[in-house]
Each structure stands twice: as C-alpha cells, then as structure tokens.
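Printed here is coords_5.cif (mmCIF, C-alpha atoms):
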data_structure
#
loop_
_atom_site.label_atom_id
_atom_site.label_comp_id
_atom_site.auth_asym_id
_atom_site.auth_seq_id
_atom_site.Cartn_x
_atom_site.Cartn_y
_atom_site.Cartn_z
CA MET I 1 43.24 -27.34 -18.89
CA SER I 2 45.86 -24.76 -17.95
CA GLU I 3 43.33 -22.46 -16.25
CA ASN I 4 42.59 -25.22 -13.72
CA THR I 5 46.19 -25.30 -12.57
CA MET I 6 46.26 -21.53 -12.12
CA ILE I 7 43.03 -21.50 -10.11
CA LYS I 8 44.06 -24.41 -7.91
CA LYS I 9 47.29 -22.62 -7.03
CA GLU I 10 45.33 -19.54 -6.01
CA MET I 11 42.94 -21.51 -3.80
CA THR I 12 45.27 -21.57 -0.80
CA LYS I 13 44.69 -20.44 2.78
CA ASP I 14 44.91 -16.68 3.25
CA THR I 15 45.97 -15.28 6.62
CA ARG I 16 44.91 -11.68 5.99
CA ARG I 17 42.16 -10.32 8.23
CA LEU I 18 38.96 -9.93 6.27
CA ALA I 19 35.65 -8.35 7.27
CA ASP I 20 33.17 -10.67 8.97
CA VAL I 21 30.12 -9.51 7.02
CA VAL I 22 30.03 -8.08 3.51
CA GLU I 23 27.03 -6.56 1.77
CA VAL I 24 26.98 -6.21 -2.01
CA VAL I 25 24.59 -3.43 -2.94
CA ALA I 26 23.42 -1.24 -5.81
CA ASP I 27 20.14 0.45 -6.56
CA ALA I 28 20.09 -0.83 -10.13
CA THR I 29 19.83 -4.32 -11.59
CA SER I 30 22.25 -6.07 -13.98
CA VAL I 31 25.36 -4.47 -12.49
CA GLY I 32 27.01 -7.74 -11.45
CA LYS I 33 25.98 -7.90 -7.77
CA THR I 34 25.32 -11.62 -7.62
CA THR I 35 28.45 -12.52 -9.58
CA THR I 36 30.47 -10.28 -7.24
CA ALA I 37 28.83 -11.82 -4.17
CA HIS I 38 29.73 -15.31 -5.38
CA ARG I 39 33.33 -14.24 -6.02
CA VAL I 40 33.53 -12.82 -2.49
CA CYS I 41 32.22 -16.13 -1.11
CA HIS I 42 35.07 -17.97 -2.83
CA ILE I 43 37.61 -15.55 -1.35
CA TYR I 44 36.44 -16.54 2.13
CA ARG I 45 36.40 -20.23 1.30
CA ASP I 46 39.95 -19.96 -0.06
CA ALA I 47 40.90 -18.29 3.23
CA GLY I 48 39.55 -21.28 5.12
CA ARG I 49 36.50 -19.51 6.59
CA PRO I 50 33.00 -21.00 6.35
CA VAL I 51 30.74 -18.54 4.55
CA THR I 52 27.00 -18.07 4.41
CA LEU I 53 25.45 -16.33 1.40
CA VAL I 54 22.24 -14.44 2.18
CA GLN I 55 20.48 -13.73 -1.09
CA ILE I 56 17.70 -11.14 -0.95
CA GLU I 57 15.82 -11.56 -4.20
CA SER I 58 12.35 -11.81 -5.67
CA GLY I 59 10.89 -15.29 -5.44
CA ARG I 60 10.19 -15.02 -9.16
CA ARG I 61 13.91 -14.71 -9.88
CA ARG I 62 15.18 -17.20 -7.32
CA ALA I 63 17.84 -19.43 -8.86
CA ALA I 64 19.22 -22.76 -7.72
CA GLU I 65 22.21 -22.76 -5.36
CA THR I 66 25.52 -22.71 -7.22
CA GLY I 67 27.73 -23.99 -4.41
CA ALA I 68 29.65 -20.73 -4.07
CA ALA I 69 28.94 -20.65 -0.32
CA ASP I 70 28.85 -23.30 2.38
CA GLN I 71 25.27 -22.31 3.13
CA THR I 72 22.74 -20.19 1.24
CA ILE I 73 19.76 -18.43 2.79
CA PHE I 74 17.09 -16.93 0.55
CA ILE I 75 14.94 -14.02 1.70
CA GLU I 76 12.25 -13.07 -0.82
CA THR I 77 11.77 -9.36 -1.44
CA GLU I 78 8.02 -9.94 -1.50
CA GLU I 79 8.25 -10.41 2.28
CA PHE I 80 8.98 -6.69 2.70
CA ALA I 81 5.30 -6.11 1.94
CA THR I 82 4.48 -7.79 5.26
CA ALA I 83 6.89 -5.61 7.28
CA ALA I 84 4.09 -3.72 9.03
CA THR I 85 2.93 -6.94 10.70
CA ARG I 86 6.38 -7.97 11.94
CA THR I 87 8.21 -7.10 15.13
CA GLY I 88 10.88 -4.60 14.11
CA GLY I 89 9.15 -3.65 10.85
CA LEU I 90 11.48 -4.01 7.89
CA SER I 91 14.21 -5.44 10.08
CA GLY I 92 11.82 -8.21 11.06
CA VAL I 93 11.96 -9.52 7.50
CA LEU I 94 15.69 -10.13 7.96
CA THR I 95 15.46 -12.37 11.03
CA GLN I 96 17.38 -15.17 9.28
CA LEU I 97 20.23 -12.76 8.58
CA TRP I 98 20.36 -11.49 12.16
CA ASP I 99 20.37 -15.09 13.49
CA VAL I 100 23.51 -15.85 11.48
CA LEU I 101 25.26 -12.58 12.33
CA VAL I 102 24.98 -12.89 16.10
CA LYS I 103 26.67 -16.29 15.94
CA LEU I 104 29.71 -15.10 13.97
CA PRO I 105 31.92 -14.38 17.04
CA GLU I 106 31.63 -18.03 18.06
CA THR I 107 31.61 -19.67 14.62
CA GLY I 108 34.44 -17.64 13.08
CA GLY I 109 32.56 -17.69 9.80
CA ALA I 110 31.65 -14.92 7.40
CA VAL I 111 28.41 -13.68 5.85
CA VAL I 112 27.95 -12.25 2.36
CA VAL I 113 24.65 -10.47 1.68
CA ASP I 114 23.49 -10.05 -1.91
CA TRP I 115 20.82 -7.32 -1.94
CA ALA I 116 18.44 -7.28 -4.89
CA GLY I 117 18.32 -4.29 -7.20
CA GLY I 118 15.58 -1.86 -6.31
CA THR I 119 15.81 -2.52 -2.56
CA ALA I 120 18.24 0.28 -1.72
CA SER I 121 15.66 2.28 0.22
CA HIS I 122 14.68 -0.78 2.27
CA ARG I 123 18.30 -1.51 3.07
CA LEU I 124 19.07 2.05 4.12
CA ASP I 125 15.94 2.14 6.30
CA VAL I 126 17.04 -1.09 8.00
CA VAL I 127 20.58 0.23 8.51
CA ALA I 128 19.23 3.38 10.16
CA ALA I 129 16.59 1.61 12.27
CA THR I 130 18.99 -1.01 13.64
CA ALA I 131 21.97 1.33 14.13
CA TYR I 132 23.62 -1.30 12.00
CA ASP I 133 27.19 -0.03 12.14
CA THR I 134 27.38 0.46 15.89
CA THR I 135 25.39 -2.71 16.59
CA LEU I 136 27.89 -4.77 14.60
CA ALA I 137 30.75 -3.07 16.45
CA SER I 138 29.16 -3.86 19.82
CA LEU I 139 29.17 -7.55 18.85
CA GLY I 140 32.81 -7.39 17.81
CA ILE I 141 31.86 -7.94 14.16
CA SER I 142 33.62 -6.07 11.36
CA GLY I 143 31.46 -5.20 8.37
CA THR I 144 31.80 -3.57 4.99
CA SER I 145 29.51 -2.51 2.16
CA LEU I 146 30.53 -2.88 -1.47
CA VAL I 147 28.58 -0.32 -3.52
CA LEU I 148 28.60 -1.26 -7.20
CA ALA I 149 28.36 1.00 -10.23
CA THR I 150 28.69 0.28 -13.94
CA CYS I 151 29.92 2.70 -16.60
CA ALA I 152 26.34 3.82 -17.33
CA ALA I 153 25.77 7.44 -16.33
CA GLU I 154 22.58 6.62 -14.37
CA SER I 155 24.30 3.80 -12.48
CA MET I 156 27.12 6.12 -11.39
CA HIS I 157 24.58 8.75 -10.31
CA GLN I 158 22.69 6.16 -8.24
CA ALA I 159 25.92 4.97 -6.62
CA SER I 160 26.81 8.57 -5.68
CA ARG I 161 23.44 9.07 -4.03
CA TYR I 162 23.68 5.73 -2.23
CA LEU I 163 27.17 6.41 -0.87
CA LYS I 164 26.10 9.82 0.45
CA THR I 165 23.11 8.40 2.30
CA LEU I 166 25.04 5.40 3.62
CA ALA I 167 27.70 7.69 5.07
CA GLN I 168 24.96 9.60 6.90
CA VAL I 169 23.05 6.64 8.38
CA ALA I 170 26.06 4.40 9.11
CA PRO I 171 29.12 6.65 9.46
CA VAL I 172 31.37 4.04 11.06
CA LEU I 173 30.54 1.24 8.62
CA ARG I 174 33.42 0.57 6.26
CA ARG I 175 32.45 0.95 2.61
CA SER I 176 34.06 0.66 -0.79
CA LEU I 177 33.10 1.76 -4.28
CA VAL I 178 33.28 -1.06 -6.81
CA LEU I 179 33.48 -0.04 -10.46
CA SER I 180 31.92 -3.04 -12.18
CA GLY I 181 32.97 -3.80 -15.74
CA ARG I 182 29.68 -5.61 -16.35
CA ALA I 183 28.58 -3.04 -18.96
CA GLY I 184 32.07 -2.10 -20.23
CA GLY I 185 35.18 -0.25 -19.14
CA PHE I 186 35.62 3.14 -17.51
CA ASP I 187 38.06 4.68 -19.99
CA PHE I 188 35.87 7.56 -21.06
CA ALA I 189 36.67 10.35 -23.49
CA SER I 190 37.68 13.53 -21.71
CA GLY I 191 34.76 15.92 -21.32
CA SER I 192 32.11 13.27 -21.97
CA GLU I 193 29.03 12.91 -19.78
CA GLN I 194 30.31 9.59 -18.47
CA ALA I 195 33.75 11.00 -17.66
CA GLU I 196 32.17 13.83 -15.69
CA GLY I 197 29.85 11.36 -13.94
CA LEU I 198 32.81 9.20 -12.92
CA ALA I 199 34.66 12.26 -11.59
CA ARG I 200 31.64 13.23 -9.48
CA LEU I 201 31.30 9.67 -8.20
CA LYS I 202 34.94 9.50 -7.14
CA ALA I 203 34.61 12.88 -5.44
CA VAL I 204 31.69 11.53 -3.41
CA ALA I 205 33.67 8.36 -2.60
CA GLY I 206 36.47 10.53 -1.22
CA LYS I 207 39.02 8.48 0.70
CA ILE I 208 37.17 5.15 0.76
CA PRO I 209 38.67 2.32 -1.33
CA VAL I 210 37.77 2.45 -5.02
CA ILE I 211 38.36 -0.82 -6.85
CA THR I 212 37.71 -1.94 -10.41
CA ILE I 213 36.40 -5.32 -11.47
CA PRO I 214 37.42 -5.84 -15.10
CA HIS I 215 35.08 -6.22 -18.04
CA VAL I 216 34.84 -9.72 -19.51
CA ALA I 217 34.56 -9.86 -23.27
CA GLY I 218 32.40 -12.40 -25.04
CA ARG I 219 29.59 -12.49 -22.43
CA ALA I 220 31.33 -15.28 -20.53
CA LEU I 221 29.91 -14.19 -17.17
CA GLU I 222 26.42 -13.73 -18.55
CA ILE I 223 26.15 -17.14 -20.19
CA CYS I 224 27.39 -18.82 -17.01
CA ALA I 225 24.73 -16.96 -15.03
CA ASP I 226 22.07 -17.92 -17.57
CA ALA I 227 23.11 -21.56 -17.19
CA GLY I 228 23.05 -21.34 -13.37
CA LEU I 229 26.76 -22.14 -13.33
CA ASP I 230 29.14 -20.70 -10.73
CA VAL I 231 32.29 -19.22 -12.27
CA ALA I 232 34.61 -21.41 -10.20
CA THR I 233 32.70 -24.52 -11.26
CA ALA I 234 32.85 -23.43 -14.90
CA MET I 235 36.62 -23.00 -14.77
CA MET I 236 37.12 -26.39 -13.14
CA THR I 237 34.98 -28.14 -15.77
CA ASP I 238 36.60 -29.78 -18.79
CA ILE I 239 35.97 -28.02 -22.07
CA GLN I 240 33.59 -30.48 -23.70
CA PRO I 241 31.25 -30.80 -20.68
CA LEU I 242 31.45 -27.03 -20.23
CA GLY I 243 30.37 -26.47 -23.82
CA ARG I 244 27.42 -28.81 -23.37
CA ARG I 245 26.39 -27.09 -20.13
CA LEU I 246 26.57 -23.65 -21.72
CA GLY I 247 25.02 -24.77 -25.02
CA ILE I 248 27.98 -23.65 -27.12
CA ASP I 249 30.67 -25.34 -29.22
CA ILE I 250 34.03 -26.47 -27.85
CA PHE I 251 35.94 -23.53 -29.37
CA ARG I 252 33.76 -20.90 -27.74
CA ALA I 253 33.79 -22.89 -24.50
CA ALA I 254 37.61 -22.78 -24.48
CA SER I 255 37.52 -19.04 -25.09
CA CYS I 256 35.03 -18.53 -22.25
CA ALA I 257 37.21 -20.56 -19.88
CA SER I 258 40.21 -18.36 -20.65
CA GLU I 259 38.23 -15.16 -20.18
CA LEU I 260 36.80 -16.41 -16.89
CA ALA I 261 40.23 -17.38 -15.54
CA LEU I 262 41.62 -13.90 -16.24
CA TRP I 263 38.57 -12.25 -14.62
CA TRP I 264 38.84 -14.56 -11.62
CA LYS I 265 42.43 -13.58 -10.91
CA ARG I 266 41.96 -9.84 -11.36
CA SER I 267 38.66 -9.62 -9.50
CA GLY I 268 40.06 -11.66 -6.61
CA VAL I 269 43.00 -9.30 -6.12
CA ALA I 270 40.77 -6.21 -6.26
CA LEU I 271 38.02 -7.53 -3.98
CA THR I 272 40.42 -8.87 -1.38
CA LYS I 273 41.81 -5.36 -0.94
CA ALA I 274 38.28 -4.06 -0.32
CA LEU I 275 37.57 -6.80 2.22
CA GLU I 276 40.69 -6.32 4.31
CA VAL I 277 40.14 -4.77 7.73
CA PRO I 278 42.59 -1.88 8.27
CA ASP I 279 45.02 -2.07 11.17
CA ASP I 280 44.20 1.48 12.28
CA GLY I 281 40.77 0.38 13.49
CA ASN I 282 38.93 3.01 11.45
CA PRO I 283 36.07 1.03 9.87
CA ALA I 284 35.08 3.73 7.43
CA ALA I 285 38.58 4.58 6.21
#
Once more with this new file: its structure as structure tokens, please.
Amino acid sequence: MSENTMIKKEMTKDTRRLADVVEVVADATSVGKTTTAHRVCHIYRDAGRPVTLVQIESGRRRAAETGAADQTIFIETEEFATAATRTGGLSGVLTQLWDVLVKLPETGGAVVVDWAGGTASHRLDVVAATAYDTTLASLGISGTSLVLATCAAESMHQASRYLKTLAQVAPVLRRSLVLSGRAGGFDFASGSEQAEGLARLKAVAGKIPVITIPHVAGRALEICADAGLDVATAMMTDIQPLGRRLGIDIFRAASCASELALWWKRSGVALTKALEVPDDGNPAA
C-alpha cells in the first residue's frame, strides 16, 4: 500500500536534540493522551533512541501493550490510595518511574509518561513535592510537559488552569500546549463561547509552544484504540488483515489507512517541534 512507503521513508534517524522525558497530561479523559503518547514514542524510536512508556492508568482500564515503546511500565492509579503508607507519599507510588529516570544519563534513552485523566492534582502535588523541574536539571535531564486540550469549552478551561498551576510549581520545566483534534477542529465562529475560550487559553499559554494535532475524520483513531492496535502497526498492515482486525470491510479499512497516514505525518511534524530542546538553554521558553 502506498501509505507504507511514505511511513517507511519517514522512519529514519533524526539528529535533532529532543527532550529526555516527556509527560502527556490533561485533567480530562478522551482527549487523545494515550494516542499522543504512543506517537511520541515512535518519534523517539525513529530517532534511534530507546524509549520507555510509563502508563499511569486505572487497573480496570489497563490495555495490552501495543509495541509503541521498547518497554512499557504500568502504574495503577488505585495505588495512589496507598500513598500515606509509602515513603515520599504520592511520589512513592512512582518509584518505577524514578528508577528509569535516574538511569537516563547513562542509557541515553527517553521516557514518555502517559498520565490518566483525573490525576492532574496528584501529578501537580508530585511535581511540587519533588521539585521536579530542578531535580531533573540537577541530573542533566531535559524534560517537557505536553498539556492537551480539545475544542470543548470545558477542556480548554481545564488546560488553562493546569498551565497556570504548572508554571507556578515548576517554573523551569519546559511545557507546550497541544490542541488535540480528537473532538474536532479549532476553527470557531468569531464571538462564540469556544472562540473566546481558545483566546483565553492562548493568552495563558503566552510564549510557550502551541501546536495542533489534526482531527481525523471517520473515527480511524478511535477504532484502532478500541481494537488495541497501535497506529503505526495499523498503517503497516495490509488492507484485508487490517479490516479483519478492525471488524470492518476492506473499503472502510482502506479509507482508515489513508486517514491514519495523513494524521501520522502531520502529528509527527507538530510534536517533534514541541519535543525539541531549545539552544538558548531556557527550558520553559
């Protein structure tokens, strides 16, 4: 299939300097965090860097590994209920994450953290308690947070609040606002509630990178997620087996493959810009 050729050409070594640890966060669910985290993992693998995906999710929603990362670590959100009995409190729940991070200077790998929806307060508490930004810097590790928002007014409001708090508790941690097309585009009518919400969100974001991940028509991303199929794997699968895996006919499978290939290219370009470490050394620029 023609999409395979395009993807294979893009999967070449990248010499640009990318952050060592990336956290994909949002206070809401169904905004595309996990899909984004998997796409980021592939960017590192294409750059020739081993990558570990740390997925913080409810044990009830734990899915099988998709192969997006070289290694996947699952931390169940239910474990936060035991924080009071652990050394370090909430940060004690994340011991597996810390163990991987401290080894990054010697391994040369990267870590992508996919935080579950509804855990924003836990994450911010951990960031504050561990002096996360300065602790990473002391280890020589560059980090960045990708804060996602969809076109829903409440999602944009939550992202605004999250960015404000993150800037207070981790002022030197690089961060980017990711406008996720999961629920549709951001071309709002002038004067609408959503247009005003987007303007407020961008004002809060200020000078940090603001990137857009395009909307995918036809629910291609959703049906892949429902089937436990990584996007890269879906695009590299022949049409007939893909249709069987997704439970759809060959014509819709071909359409999905085309939509996924376009999303893959555009999202890769946008996310790579957010992951690049600036030459000026300002991590929060």
### Message
Translate the PyMOL selection byres ((chain I and resi 101-105) around 12) into a concrete residue list for this structure, as a PyMOL selection string.
### Response
chain I and resi 19-22+49-54+94-100+106-113+132+135-143
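Atom CA of I:Asp27 is positioned 7.3 Å from atom CA of I:Ala159.
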Tell me, as a tab-separated table (two decimals) with C-alpha atoms, keeping the file's coordinate frame, which residues lie within 10 Å of I:Ala205, counting all atoms listed in the file; anything in the same chain fewer than 6 positions away does not count.
chain	number	residue	atom	x	y	z
I	159	ALA	CA	25.92	4.97	-6.62
I	160	SER	CA	26.81	8.57	-5.68
I	163	LEU	CA	27.17	6.41	-0.87
I	164	LYS	CA	26.10	9.82	0.45
I	167	ALA	CA	27.70	7.69	5.07
I	175	ARG	CA	32.45	0.95	2.61
I	176	SER	CA	34.06	0.66	-0.79
I	177	LEU	CA	33.10	1.76	-4.28
I	199	ALA	CA	34.66	12.26	-11.59
#### Entry: 12 Å contact set for stretch 242-253 of chain I, only C-alpha atoms, chain neighbours under 3 positions out, as a ChimeraX atom specification
/I:1,217-239,256-260
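Of the listed residues I:Leu166, I:Val210, I:Ala183, I:Leu148, the one whose atoms come nearest to I:Leu124 is I:Leu166, with distances taken using all atoms listed in the file.
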### Query
Which is closer to I:Thr130 than all the others in I:Gly117, I:Pro278, I:Gly88, I:Gly59, using all atoms listed in the file?
I:Gly88
Starting from the sparse input, extend stretch 194-217 of chain I to N, CA and C atoms and give the output as a PDB file, keeping the file's coordinate frame.
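Wrote it out as result.pdb, contents follow:
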ATOM      1  N   GLN I 194      29.902  10.697 -19.335  1.00  0.00           N
ATOM      2  CA  GLN I 194      30.310   9.590 -18.470  1.00  0.00           C
ATOM      3  C   GLN I 194      31.581   9.929 -17.689  1.00  0.00           C
ATOM      4  N   ALA I 195      32.528  10.606 -18.357  1.00  0.00           N
ATOM      5  CA  ALA I 195      33.750  11.000 -17.660  1.00  0.00           C
ATOM      6  C   ALA I 195      33.446  11.950 -16.511  1.00  0.00           C
ATOM      7  N   GLU I 196      32.544  12.884 -16.743  1.00  0.00           N
ATOM      8  CA  GLU I 196      32.170  13.830 -15.690  1.00  0.00           C
ATOM      9  C   GLU I 196      31.415  13.111 -14.566  1.00  0.00           C
ATOM     10  N   GLY I 197      30.574  12.131 -14.947  1.00  0.00           N
ATOM     11  CA  GLY I 197      29.850  11.360 -13.940  1.00  0.00           C
ATOM     12  C   GLY I 197      30.792  10.555 -13.065  1.00  0.00           C
ATOM     13  N   LEU I 198      31.825   9.971 -13.680  1.00  0.00           N
ATOM     14  CA  LEU I 198      32.810   9.200 -12.920  1.00  0.00           C
ATOM     15  C   LEU I 198      33.592  10.107 -11.978  1.00  0.00           C
ATOM     16  N   ALA I 199      33.930  11.308 -12.440  1.00  0.00           N
ATOM     17  CA  ALA I 199      34.660  12.260 -11.590  1.00  0.00           C
ATOM     18  C   ALA I 199      33.826  12.651 -10.383  1.00  0.00           C
ATOM     19  N   ARG I 200      32.527  12.878 -10.602  1.00  0.00           N
ATOM     20  CA  ARG I 200      31.640  13.230  -9.480  1.00  0.00           C
ATOM     21  C   ARG I 200      31.518  12.062  -8.508  1.00  0.00           C
ATOM     22  N   LEU I 201      31.423  10.847  -9.049  1.00  0.00           N
ATOM     23  CA  LEU I 201      31.300   9.670  -8.200  1.00  0.00           C
ATOM     24  C   LEU I 201      32.539   9.480  -7.335  1.00  0.00           C
ATOM     25  N   LYS I 202      33.699   9.644  -7.915  1.00  0.00           N
ATOM     26  CA  LYS I 202      34.940   9.500  -7.140  1.00  0.00           C
ATOM     27  C   LYS I 202      35.078  10.600  -6.104  1.00  0.00           C
ATOM     28  N   ALA I 203      34.563  11.783  -6.421  1.00  0.00           N
ATOM     29  CA  ALA I 203      34.610  12.880  -5.440  1.00  0.00           C
ATOM     30  C   ALA I 203      33.732  12.546  -4.237  1.00  0.00           C
ATOM     31  N   VAL I 204      32.573  11.950  -4.497  1.00  0.00           N
ATOM     32  CA  VAL I 204      31.690  11.530  -3.410  1.00  0.00           C
ATOM     33  C   VAL I 204      32.353  10.415  -2.596  1.00  0.00           C
ATOM     34  N   ALA I 205      33.002   9.477  -3.286  1.00  0.00           N
ATOM     35  CA  ALA I 205      33.670   8.360  -2.600  1.00  0.00           C
ATOM     36  C   ALA I 205      34.762   8.866  -1.670  1.00  0.00           C
ATOM     37  N   GLY I 206      35.434   9.942  -2.068  1.00  0.00           N
ATOM     38  CA  GLY I 206      36.470  10.530  -1.220  1.00  0.00           C
ATOM     39  C   GLY I 206      37.604   9.564  -0.958  1.00  0.00           C
ATOM     40  N   LYS I 207      37.872   9.287   0.318  1.00  0.00           N
ATOM     41  CA  LYS I 207      39.020   8.480   0.700  1.00  0.00           C
ATOM     42  C   LYS I 207      38.724   6.994   0.852  1.00  0.00           C
ATOM     43  N   ILE I 208      37.474   6.570   0.618  1.00  0.00           N
ATOM     44  CA  ILE I 208      37.170   5.150   0.760  1.00  0.00           C
ATOM     45  C   ILE I 208      37.812   4.385  -0.407  1.00  0.00           C
ATOM     46  N   PRO I 209      38.066   3.094  -0.241  1.00  0.00           N
ATOM     47  CA  PRO I 209      38.670   2.320  -1.330  1.00  0.00           C
ATOM     48  C   PRO I 209      37.807   2.343  -2.592  1.00  0.00           C
ATOM     49  N   VAL I 210      38.443   2.520  -3.715  1.00  0.00           N
ATOM     50  CA  VAL I 210      37.770   2.450  -5.020  1.00  0.00           C
ATOM     51  C   VAL I 210      38.472   1.353  -5.816  1.00  0.00           C
ATOM     52  N   ILE I 211      37.753   0.296  -6.136  1.00  0.00           N
ATOM     53  CA  ILE I 211      38.360  -0.820  -6.850  1.00  0.00           C
ATOM     54  C   ILE I 211      37.612  -1.045  -8.167  1.00  0.00           C
ATOM     55  N   THR I 212      38.291  -1.669  -9.096  1.00  0.00           N
ATOM     56  CA  THR I 212      37.710  -1.940 -10.410  1.00  0.00           C
ATOM     57  C   THR I 212      37.695  -3.428 -10.682  1.00  0.00           C
ATOM     58  N   ILE I 213      36.523  -3.933 -11.035  1.00  0.00           N
ATOM     59  CA  ILE I 213      36.400  -5.320 -11.470  1.00  0.00           C
ATOM     60  C   ILE I 213      36.356  -5.293 -12.995  1.00  0.00           C
ATOM     61  N   PRO I 214      37.278  -5.984 -13.652  1.00  0.00           N
ATOM     62  CA  PRO I 214      37.420  -5.840 -15.100  1.00  0.00           C
ATOM     63  C   PRO I 214      36.221  -6.339 -15.901  1.00  0.00           C
ATOM     64  N   HIS I 215      36.089  -5.772 -17.082  1.00  0.00           N
ATOM     65  CA  HIS I 215      35.080  -6.220 -18.040  1.00  0.00           C
ATOM     66  C   HIS I 215      35.511  -7.557 -18.630  1.00  0.00           C
ATOM     67  N   VAL I 216      34.554  -8.428 -18.874  1.00  0.00           N
ATOM     68  CA  VAL I 216      34.840  -9.720 -19.510  1.00  0.00           C
ATOM     69  C   VAL I 216      34.210  -9.736 -20.884  1.00  0.00           C
ATOM     70  N   ALA I 217      35.048  -9.839 -21.899  1.00  0.00           N
ATOM     71  CA  ALA I 217      34.560  -9.860 -23.270  1.00  0.00           C
ATOM     72  C   ALA I 217      33.852 -11.177 -23.564  1.00  0.00           C
TER      73      ALA I 217
END
